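Okay, work_25.tsv is below, TSV, C-alpha atoms and all ligand atoms:
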chain	number	residue	atom	x	y	z
V	524	MET	CA	-19.37	-13.32	-2.59
V	525	LEU	CA	-16.53	-15.58	-3.72
V	526	SER	CA	-16.09	-15.68	-7.46
V	527	SER	CA	-16.32	-19.12	-8.96
V	528	SER	CA	-15.48	-18.04	-12.48
V	529	VAL	CA	-12.65	-19.77	-14.30
V	530	GLU	CA	-9.69	-17.50	-15.11
V	531	THR	CA	-9.26	-16.71	-18.76
V	532	PHE	CA	-5.74	-16.73	-20.13
V	533	ALA	CA	-5.91	-14.17	-22.87
V	534	GLN	CA	-2.73	-12.60	-24.15
V	535	PRO	CA	-1.06	-10.78	-21.22
V	536	PRO	CA	-1.05	-7.00	-21.59
V	537	ALA	CA	2.21	-5.20	-22.44
V	538	TYR	CA	2.12	-3.88	-18.89
V	539	ALA	CA	-0.33	-3.03	-16.11
V	540	ILE	CA	-0.53	-1.27	-12.77
V	541	ALA	CA	-2.89	-1.33	-9.80
V	542	ILE	CA	-2.79	0.91	-6.73
V	543	HIS	CA	-4.53	1.39	-3.42
V	544	GLY	CA	-4.82	4.41	-1.17
V	545	GLY	CA	-5.98	2.57	1.94
V	546	ALA	CA	-9.04	0.69	3.16
V	547	GLY	CA	-11.43	1.48	5.99
V	548	THR	CA	-14.73	3.02	6.92
V	549	ILE	CA	-15.19	4.87	3.67
V	550	SER	CA	-18.79	5.28	2.51
V	551	ARG	CA	-20.75	7.61	0.24
V	552	LYS	CA	-22.29	9.12	3.38
V	553	MET	CA	-18.89	9.90	4.82
V	554	LEU	CA	-17.26	11.48	1.76
V	555	SER	CA	-18.53	14.72	0.25
V	556	LYS	CA	-18.66	14.94	-3.54
V	557	ALA	CA	-15.65	17.25	-3.45
V	558	GLN	CA	-13.65	14.83	-1.28
V	559	GLU	CA	-14.56	11.94	-3.52
V	560	GLN	CA	-13.45	13.87	-6.58
V	561	ALA	CA	-10.17	14.80	-4.90
V	562	TYR	CA	-9.41	11.15	-4.11
V	563	ARG	CA	-10.33	10.02	-7.60
V	564	ALA	CA	-8.16	12.75	-9.12
V	565	SER	CA	-5.18	11.73	-6.95
V	566	LEU	CA	-5.60	8.06	-7.82
V	567	GLU	CA	-5.89	8.90	-11.50
V	568	ARG	CA	-2.78	11.07	-11.41
V	569	ALA	CA	-0.83	8.21	-9.85
V	570	LEU	CA	-2.10	5.73	-12.44
V	571	LEU	CA	-1.24	8.06	-15.31
V	572	LEU	CA	2.27	8.56	-13.97
V	573	GLY	CA	2.66	4.78	-13.78
V	574	ASP	CA	1.31	4.36	-17.30
V	575	SER	CA	3.64	6.95	-18.81
V	576	LEU	CA	6.68	5.38	-17.12
V	577	LEU	CA	5.67	1.87	-18.15
V	578	SER	CA	5.04	2.87	-21.75
V	579	ALA	CA	8.51	4.45	-21.78
V	580	GLY	CA	9.98	1.09	-20.74
V	581	HIS	CA	10.69	1.70	-17.06
V	582	GLU	CA	11.05	-1.38	-14.89
V	583	ALA	CA	8.28	-2.49	-12.55
V	584	LEU	CA	10.21	-1.67	-9.37
V	585	ASP	CA	11.03	1.84	-10.55
V	586	VAL	CA	7.42	2.49	-11.51
V	587	ALA	CA	6.02	1.16	-8.22
V	588	ILE	CA	8.42	3.40	-6.28
V	589	GLN	CA	7.76	6.55	-8.30
V	590	VAL	CA	4.01	6.09	-8.10
V	591	VAL	CA	4.09	5.49	-4.34
V	592	ALA	CA	6.43	8.50	-3.86
V	593	LEU	CA	3.86	10.68	-5.65
V	594	MET	CA	1.17	9.40	-3.30
V	595	GLU	CA	3.46	10.00	-0.30
V	596	ASP	CA	3.64	13.66	-1.32
V	597	ASP	CA	-0.16	13.87	-1.44
V	598	SER	CA	-1.63	14.86	1.93
V	599	LEU	CA	-4.82	12.91	1.23
V	600	PHE	CA	-3.09	9.63	1.99
V	601	ASN	CA	-1.74	8.18	5.23
V	602	ALA	CA	1.82	7.92	3.94
V	603	GLY	CA	4.55	10.53	3.69
V	604	LYS	CA	2.98	14.00	3.94
V	605	GLY	CA	-0.45	12.90	5.19
V	606	SER	CA	0.79	10.39	7.79
V	607	VAL	CA	-1.27	9.87	10.94
V	608	PHE	CA	-0.05	10.91	14.39
V	609	THR	CA	1.38	8.56	16.99
V	610	PHE	CA	0.07	8.59	20.57
V	611	ASP	CA	2.86	11.05	21.48
V	612	GLY	CA	1.94	13.47	18.69
V	613	GLY	CA	4.72	12.54	16.27
V	614	HIS	CA	4.94	10.50	13.08
V	615	GLU	CA	6.68	7.18	12.43
V	616	LEU	CA	6.69	6.08	8.81
V	617	ASP	CA	7.09	2.59	7.38
V	618	ALA	CA	7.65	1.39	3.80
V	619	ALA	CA	8.78	-1.63	1.77
V	620	VAL	CA	9.60	-2.59	-1.80
V	621	MET	CA	10.13	-5.94	-3.49
V	622	GLU	CA	10.85	-7.16	-7.01
V	623	GLY	CA	9.42	-10.39	-8.32
V	624	HIS	CA	12.16	-11.76	-10.58
V	625	THR	CA	15.00	-11.58	-8.01
V	626	LEU	CA	13.04	-11.64	-4.73
V	627	ARG	CA	15.19	-8.70	-3.67
V	628	ALA	CA	13.46	-6.58	-1.01
V	629	GLY	CA	14.06	-3.49	1.10
V	630	ALA	CA	12.13	-2.15	4.08
V	631	VAL	CA	12.25	0.69	6.60
V	632	ALA	CA	10.24	1.48	9.73
V	633	GLY	CA	9.90	4.15	12.37
V	634	LEU	CA	11.23	6.97	10.19
V	635	LYS	CA	10.75	10.53	11.46
V	636	ARG	CA	12.68	12.72	9.06
V	637	ILE	CA	12.56	11.04	5.65
V	638	LYS	CA	10.24	12.69	3.14
V	639	ASN	CA	9.82	9.62	0.95
V	640	PRO	CA	10.24	6.41	2.94
V	641	VAL	CA	9.68	4.31	-0.19
V	642	ARG	CA	12.87	5.70	-1.73
V	643	LEU	CA	14.84	4.76	1.37
V	644	ALA	CA	13.38	1.24	1.23
V	645	ARG	CA	14.81	0.95	-2.27
V	646	GLU	CA	18.16	2.25	-1.08
V	647	VAL	CA	18.25	-0.41	1.65
V	648	MET	CA	17.54	-3.04	-0.98
V	649	GLU	CA	20.13	-1.83	-3.47
V	650	GLN	CA	22.85	-0.25	-1.36
V	651	SER	CA	22.99	-2.19	1.91
V	652	PRO	CA	23.62	-5.85	2.73
V	653	HIS	CA	20.36	-5.85	4.72
V	654	VAL	CA	16.64	-6.05	4.04
V	655	PHE	CA	15.02	-4.20	6.93
V	656	LEU	CA	16.28	-1.14	8.86
V	657	TYR	CA	14.35	0.76	11.52
V	658	GLY	CA	14.47	3.99	13.52
V	659	GLU	CA	17.65	5.97	14.05
V	660	GLY	CA	19.80	3.38	12.32
V	661	ALA	CA	17.68	3.58	9.20
V	662	GLU	CA	18.00	7.37	9.24
V	663	GLN	CA	21.75	7.16	9.84
V	664	PHE	CA	21.97	4.98	6.74
V	665	ALA	CA	19.88	7.57	4.86
V	666	TRP	CA	22.24	10.44	5.74
V	667	GLU	CA	25.21	8.32	4.69
V	668	ARG	CA	23.48	7.78	1.35
V	669	SER	CA	22.96	11.55	0.93
V	670	PHE	CA	19.27	11.70	1.79
V	671	GLU	CA	18.27	15.14	3.15
V	672	PRO	CA	16.55	15.26	6.55
V	673	ILE	CA	13.30	17.19	6.76
V	674	GLU	CA	11.59	18.76	9.78
V	675	PRO	CA	9.23	16.24	11.41
V	676	SER	CA	6.56	18.98	11.37
V	677	TYR	CA	6.44	18.58	7.57
V	678	PHE	CA	4.15	15.60	8.21
V	679	ASP	CA	1.68	17.53	10.40
V	680	THR	CA	-1.75	18.06	8.90
V	681	GLU	CA	-4.82	19.46	10.64
V	682	ARG	CA	-7.00	16.61	9.53
V	683	ARG	CA	-4.72	13.97	11.06
V	684	ARG	CA	-4.29	16.05	14.24
V	685	ASN	CA	-8.06	16.06	14.67
V	686	GLN	CA	-8.07	12.29	14.28
V	687	LEU	CA	-5.54	12.01	17.11
V	688	ARG	CA	-7.55	14.42	19.30
V	689	ASN	CA	-10.60	12.34	18.73
V	690	TYR	CA	-8.68	9.15	19.42
V	691	LEU	CA	-7.36	10.50	22.71
V	692	LYS	CA	-10.76	11.66	24.00
V	693	PRO	CA	-11.95	9.32	26.73
V	694	THR	CA	-15.22	9.06	24.84
V	695	GLY	CA	-13.51	8.88	21.45
V	696	ASN	CA	-14.30	6.03	19.12
V	697	ARG	CA	-10.90	4.43	19.22
V	698	SER	CA	-11.47	1.53	16.97
V	699	ALA	CA	-13.11	3.46	14.15
V	700	ASP	CA	-10.64	6.29	14.35
V	701	SER	CA	-7.47	4.32	14.62
V	702	LEU	CA	-8.47	2.06	11.80
V	703	PRO	CA	-6.40	2.74	8.75
V	704	LYS	CA	-7.55	4.91	5.90
V	705	GLY	CA	-4.85	5.91	3.52
V	706	THR	CA	-1.86	3.60	3.40
V	707	VAL	CA	-0.65	3.52	-0.20
V	708	GLY	CA	0.59	0.71	-2.41
V	709	ALA	CA	1.35	-0.07	-6.04
V	710	VAL	CA	1.72	-3.40	-7.84
V	711	VAL	CA	3.17	-3.41	-11.32
V	712	LEU	CA	3.69	-5.74	-14.30
V	713	ASP	CA	6.28	-4.28	-16.68
V	714	SER	CA	6.94	-4.84	-20.38
V	715	LYS	CA	9.61	-7.47	-19.60
V	716	GLY	CA	6.99	-9.49	-17.73
V	717	ASN	CA	8.42	-8.72	-14.30
V	718	LEU	CA	6.41	-7.90	-11.17
V	719	ALA	CA	7.16	-5.46	-8.35
V	720	VAL	CA	5.45	-3.87	-5.36
V	721	ALA	CA	5.86	-0.84	-3.11
V	722	THR	CA	3.89	-0.01	0.06
V	723	SER	CA	4.14	3.05	2.33
V	724	THR	CA	2.26	4.09	5.47
V	725	GLY	CA	2.09	6.29	8.53
V	726	GLY	CA	0.60	3.30	10.34
V	727	MET	CA	-2.33	3.70	12.72
V	728	THR	CA	-3.42	6.78	14.66
V	729	GLY	CA	-2.37	6.64	18.30
V	730	LYS	CA	0.20	3.87	17.83
V	731	ARG	CA	2.70	3.56	20.71
V	732	TRP	CA	6.06	2.16	21.72
V	733	ASN	CA	7.57	2.17	18.22
V	734	ARG	CA	4.81	-0.06	16.92
V	735	ILE	CA	5.52	-1.44	13.45
V	736	GLY	CA	2.64	-2.59	11.24
V	737	ASP	CA	2.42	-5.09	8.42
V	738	SER	CA	3.28	-2.73	5.56
V	739	PRO	CA	7.09	-2.91	5.83
V	740	ILE	CA	7.16	-6.59	6.81
V	741	ILE	CA	8.02	-8.67	3.77
V	742	GLY	CA	5.37	-11.36	3.44
V	743	SER	CA	2.83	-9.58	5.66
V	744	GLY	CA	1.89	-6.30	3.94
V	745	THR	CA	4.18	-6.50	0.93
V	746	TYR	CA	5.38	-9.33	-1.33
V	747	ALA	CA	6.34	-9.99	-4.96
V	748	ASP	CA	7.35	-13.19	-6.72
V	749	ASN	CA	7.23	-13.57	-10.50
V	750	GLU	CA	6.06	-17.14	-9.99
V	751	ALA	CA	3.00	-15.95	-8.08
V	752	CYS	CA	2.01	-12.28	-7.89
V	753	ALA	CA	2.90	-8.88	-6.50
V	754	VAL	CA	0.72	-7.79	-3.57
V	755	SER	CA	0.32	-4.75	-1.33
V	756	CYS	CA	-2.02	-4.92	1.67
V	757	THR	CA	-3.84	-2.30	3.70
V	758	GLY	CA	-5.76	-2.82	6.89
V	759	HIS	CA	-5.36	-3.73	10.55
V	760	GLY	CA	-1.63	-4.45	10.53
V	761	GLU	CA	-1.43	-6.60	13.64
V	762	LEU	CA	-3.83	-9.13	12.15
V	763	PHE	CA	-2.25	-9.04	8.69
V	764	ILE	CA	1.10	-9.82	10.31
V	765	ARG	CA	-0.33	-12.81	12.15
V	766	LYS	CA	-1.82	-14.16	8.92
V	767	ALA	CA	1.34	-13.42	6.88
V	768	ALA	CA	-1.27	-12.12	4.46
V	769	ALA	CA	0.82	-11.07	1.47
V	770	HIS	CA	2.83	-14.29	1.38
V	771	ASP	CA	-0.30	-16.33	2.01
V	772	LEU	CA	-1.75	-14.95	-1.22
V	773	ALA	CA	1.46	-15.68	-3.14
V	774	ALA	CA	1.47	-19.24	-1.72
V	775	LYS	CA	-2.13	-19.85	-2.79
V	776	VAL	CA	-1.16	-18.86	-6.33
V	777	LYS	CA	2.23	-20.54	-6.46
V	778	TYR	CA	1.68	-23.79	-4.58
V	779	ALA	CA	-2.08	-24.31	-4.60
V	780	LYS	CA	-2.17	-23.07	-8.23
V	781	MET	CA	-5.21	-20.92	-7.52
V	782	PRO	CA	-6.11	-18.19	-10.01
V	783	LEU	CA	-5.08	-14.84	-8.52
V	784	ILE	CA	-8.49	-13.20	-8.33
V	785	GLN	CA	-10.09	-16.24	-6.72
V	786	ALA	CA	-7.21	-16.63	-4.25
V	787	ALA	CA	-7.34	-12.97	-3.24
V	788	GLU	CA	-11.09	-13.10	-2.69
V	789	LEU	CA	-10.78	-16.23	-0.57
V	790	LEU	CA	-8.06	-14.65	1.55
V	791	VAL	CA	-9.69	-11.25	2.07
V	792	MET	CA	-13.43	-11.93	1.99
V	793	LYS	CA	-13.33	-15.17	3.94
V	794	GLU	CA	-10.12	-15.92	5.79
V	795	LEU	CA	-9.10	-12.41	6.88
V	796	GLN	CA	-12.72	-11.45	7.45
V	797	GLN	CA	-13.27	-14.44	9.76
V	798	PHE	CA	-10.05	-13.59	11.57
V	799	GLY	CA	-11.36	-10.06	12.20
V	800	ALA	CA	-8.72	-8.51	9.97
V	801	GLU	CA	-10.40	-5.52	8.36
V	802	GLY	CA	-8.81	-4.26	5.16
V	803	GLY	CA	-7.91	-5.27	1.65
V	804	LEU	CA	-5.16	-5.55	-0.92
V	805	VAL	CA	-4.20	-5.00	-4.52
V	806	ALA	CA	-2.40	-7.75	-6.42
V	807	ILE	CA	-1.30	-8.50	-9.97
V	808	ASP	CA	0.06	-11.57	-11.76
V	809	ARG	CA	2.13	-12.03	-14.90
V	810	ASN	CA	-1.01	-12.46	-17.00
V	811	GLY	CA	-2.08	-8.97	-15.98
V	812	HIS	CA	-4.94	-10.19	-13.83
V	813	ILE	CA	-5.68	-7.69	-11.08
V	814	ALA	CA	-7.32	-8.41	-7.71
V	815	MET	CA	-8.46	-5.59	-5.40
V	816	PRO	CA	-10.71	-7.22	-2.77
V	817	PHE	CA	-11.49	-5.60	0.59
V	818	ASN	CA	-13.74	-6.51	3.51
V	819	SER	CA	-14.03	-2.98	4.91
V	820	GLU	CA	-16.66	-0.50	3.78
V	821	GLY	CA	-14.44	0.97	1.10
V	822	MET	CA	-10.94	1.03	-0.34
V	823	TYR	CA	-9.36	3.74	-2.49
V	824	ARG	CA	-8.08	1.86	-5.51
V	825	GLY	CA	-7.51	1.89	-9.24
V	826	TYR	CA	-5.82	0.21	-12.18
V	827	LYS	CA	-4.66	0.95	-15.69
V	828	TYR	CA	-3.94	-1.18	-18.76
V	829	PRO	CA	-2.18	0.18	-21.87
V	830	SER	CA	-4.42	2.16	-24.27
V	831	LYS	CA	-7.35	2.00	-21.88
V	832	PRO	CA	-8.51	4.78	-19.56
V	833	PRO	CA	-7.54	4.60	-15.89
V	834	VAL	CA	-10.20	3.11	-13.64
V	835	THR	CA	-10.62	4.41	-10.09
V	836	ALA	CA	-12.91	3.02	-7.42
V	837	ILE	CA	-13.75	3.65	-3.77
V	838	TYR	CA	-16.95	1.88	-2.79
V	839	ALA	CA	-18.02	-1.75	-2.59
V	840	ASP	CA	-20.29	-1.56	-5.64
V	841	GLU	CA	-17.39	-0.61	-7.93
V	842	PRO	CA	-14.86	-2.96	-9.56
V	843	ALA	CA	-12.70	-5.07	-7.24
V	844	SER	CA	-10.90	-7.04	-9.95
V	845	ALA	CA	-9.91	-6.69	-13.60
V	846	ARG	CA	-8.66	-8.76	-16.50
V	847	PRO	CA	-6.84	-7.44	-19.57
H	1	LIG	N1	-1.62	-1.69	7.51
H	1	LIG	C1	-1.20	-0.42	8.02
H	1	LIG	C2	-0.64	-0.62	9.40
H	1	LIG	O1	-1.18	-1.40	10.14
H	1	LIG	C3	-2.25	0.61	8.07
H	1	LIG	C4	-3.07	0.76	6.82
H	1	LIG	O2	-3.10	-0.09	5.96
H	1	LIG	O3	-3.71	1.81	6.66
H	1	LIG	O4	0.30	0.07	9.75
File written out as structure tokens:
Amino acid sequence: MLSSSVETFAQPPAYAIAIHGGAGTISRKMLSKAQEQAYRASLERALLLGDSLLSAGHEALDVAIQVVALMEDDSLFNAGKGSVFTFDGGHELDAAVMEGHTLRAGAVAGLKRIKNPVRLAREVMEQSPHVFLYGEGAEQFAWERSFEPIEPSYFDTERRRNQLRNYLKPTGNRSADSLPKGTVGAVVLDSKGNLAVATSTGGMTGKRWNRIGDSPIIGSGTYADNEACAVSCTGHGELFIRKAAAHDLAAKVKYAKMPLIQAAELLVMKELQQFGAEGGLVAIDRNGHIAMPFNSEGMYRGYKYPSKPPVTAIYADEPASARP
């Protein structure tokens, strides 16, 4: 249901963070209690890291990157360590970062030997004249910037291999299995009032021909503008690209002057839904309003305000927005 409530403009919080760990066919039936607890614990750990960095005065971009790097190292998520397999049995990782007060951005795609793609995205932003590098060139840049290559097998996990096996079976349920579950993203408001975002993904199981999804495309899966919001998307990348989803949300806020939570619900629950784009997003504005709508069965997500406990959620009957 679209919210019709009027936004309240209480005092913005000193800082705030929201994260997602991917959207998809995630239901209470599908997750065991132990799996659910593991996801909630991982989300909470990421939120607490973000909170401790923010309370120590770290900038939004730095916090978004460190939180996403922690999630990349967690095999539960389809990013970094837990990345899905390509059709050919490898891994190709994509990531992007953006900061809202400068509109500086960095993105990488098709990485095979970089442990934390989100850190390389930052390096592209800060240490190259470019915004978006892919494949071997991106890795060449990484080695020149003293990144250490890792064995591609580092990204192999049994769970993701089974998903590929299932995907490749002639009788396999391709759509359900290739649909994303585990891309990670963080949106942050820091104590200077600046916004930033980071997104990282292994993409979709069975992807071919150096396919690149929406996550590393600035304006599709990732966007931040202090005059609008910071937003990280997760879902069926091809359709998010065609809708320029992340920038569409920022434009609704910036030009149509829509309140963030209402704009995000309109985009995800109506426009993306009608377009067949399954997924969701997390977004934050400078007032600390947080939107986390999704039109799939579930989305791993959470948020944290200063001096309040972290909130994690997975299912549709749990919070999908928050105000300070
Ligand atoms: N959006 C990502 C992609 O299409 C996948 C995901 O969000 O899980 O690559």
Handout entry: Protein and nucleic residues near ligand LIG 1 (chain H), 6 Å, all atoms listed in the file, as a ChimeraX atom specification
Key = /V:545,703-706,726-727,736-738,757-760
Exercise for the section: Excluding segment 822-827 of chain V and any residue of its chain fewer than 6 positions from it, enumerate the residues within 8 Å of it, using all atoms listed in the file, and give them as a ChimeraX atom specification. Expected result: /V:539-547,549,562,566-567,570-571,574,705,802-803,805,813,815,833-839
Handout entry: Which residue of V:Ala661, V:Val776, V:Ile735, V:Val707 approaches Asn601 of chain V most closely, using only C-alpha atoms
Key = V:Val707
Which residues of segment 593-659 of chain V come within 8 Å of segment 663-677 of chain V, and for each one, what is the closest pair of atoms and their distance in Å to one decimal, counting all atoms listed in the file, sorted by chain and residue number, as JSON lines?
{"residue": "V:Lys604", "atom": "CA", "partner": "V:Tyr677", "partner_atom": "CA", "distance": 6.8}
{"residue": "V:Gly613", "atom": "CA", "partner": "V:Pro675", "partner_atom": "CA", "distance": 7.6}
{"residue": "V:His614", "atom": "CA", "partner": "V:Pro675", "partner_atom": "CA", "distance": 7.4}
{"residue": "V:Lys635", "atom": "CA", "partner": "V:Pro675", "partner_atom": "CA", "distance": 5.9}
{"residue": "V:Arg636", "atom": "CA", "partner": "V:Ile673", "partner_atom": "CA", "distance": 5.1}
{"residue": "V:Ile637", "atom": "CA", "partner": "V:Pro672", "partner_atom": "CA", "distance": 5.9}
{"residue": "V:Lys638", "atom": "CA", "partner": "V:Ile673", "partner_atom": "CA", "distance": 6.5}
{"residue": "V:Leu643", "atom": "CA", "partner": "V:Ala665", "partner_atom": "CA", "distance": 6.7}
{"residue": "V:Glu659", "atom": "CA", "partner": "V:Gln663", "partner_atom": "CA", "distance": 6.0}
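The space separating atom CA of Gly660 of chain V from atom CA of Ala618 of chain V comes to 15.0 Å.
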Exercise for the section: Go through V:Arg682, V:Asn733, V:Leu576, V:Pro816 and flag the residue nearest Asp617 of chain V, using all atoms listed in the file for the distances. Expected result: V:Asn733
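Between atom CA of Phe608 of chain V and atom CA of Thr680 of chain V lies a distance of 9.2 Å.
Atom CA of Arg809 of chain V is found 11.4 Å from atom CA of Pro782 of chain V.
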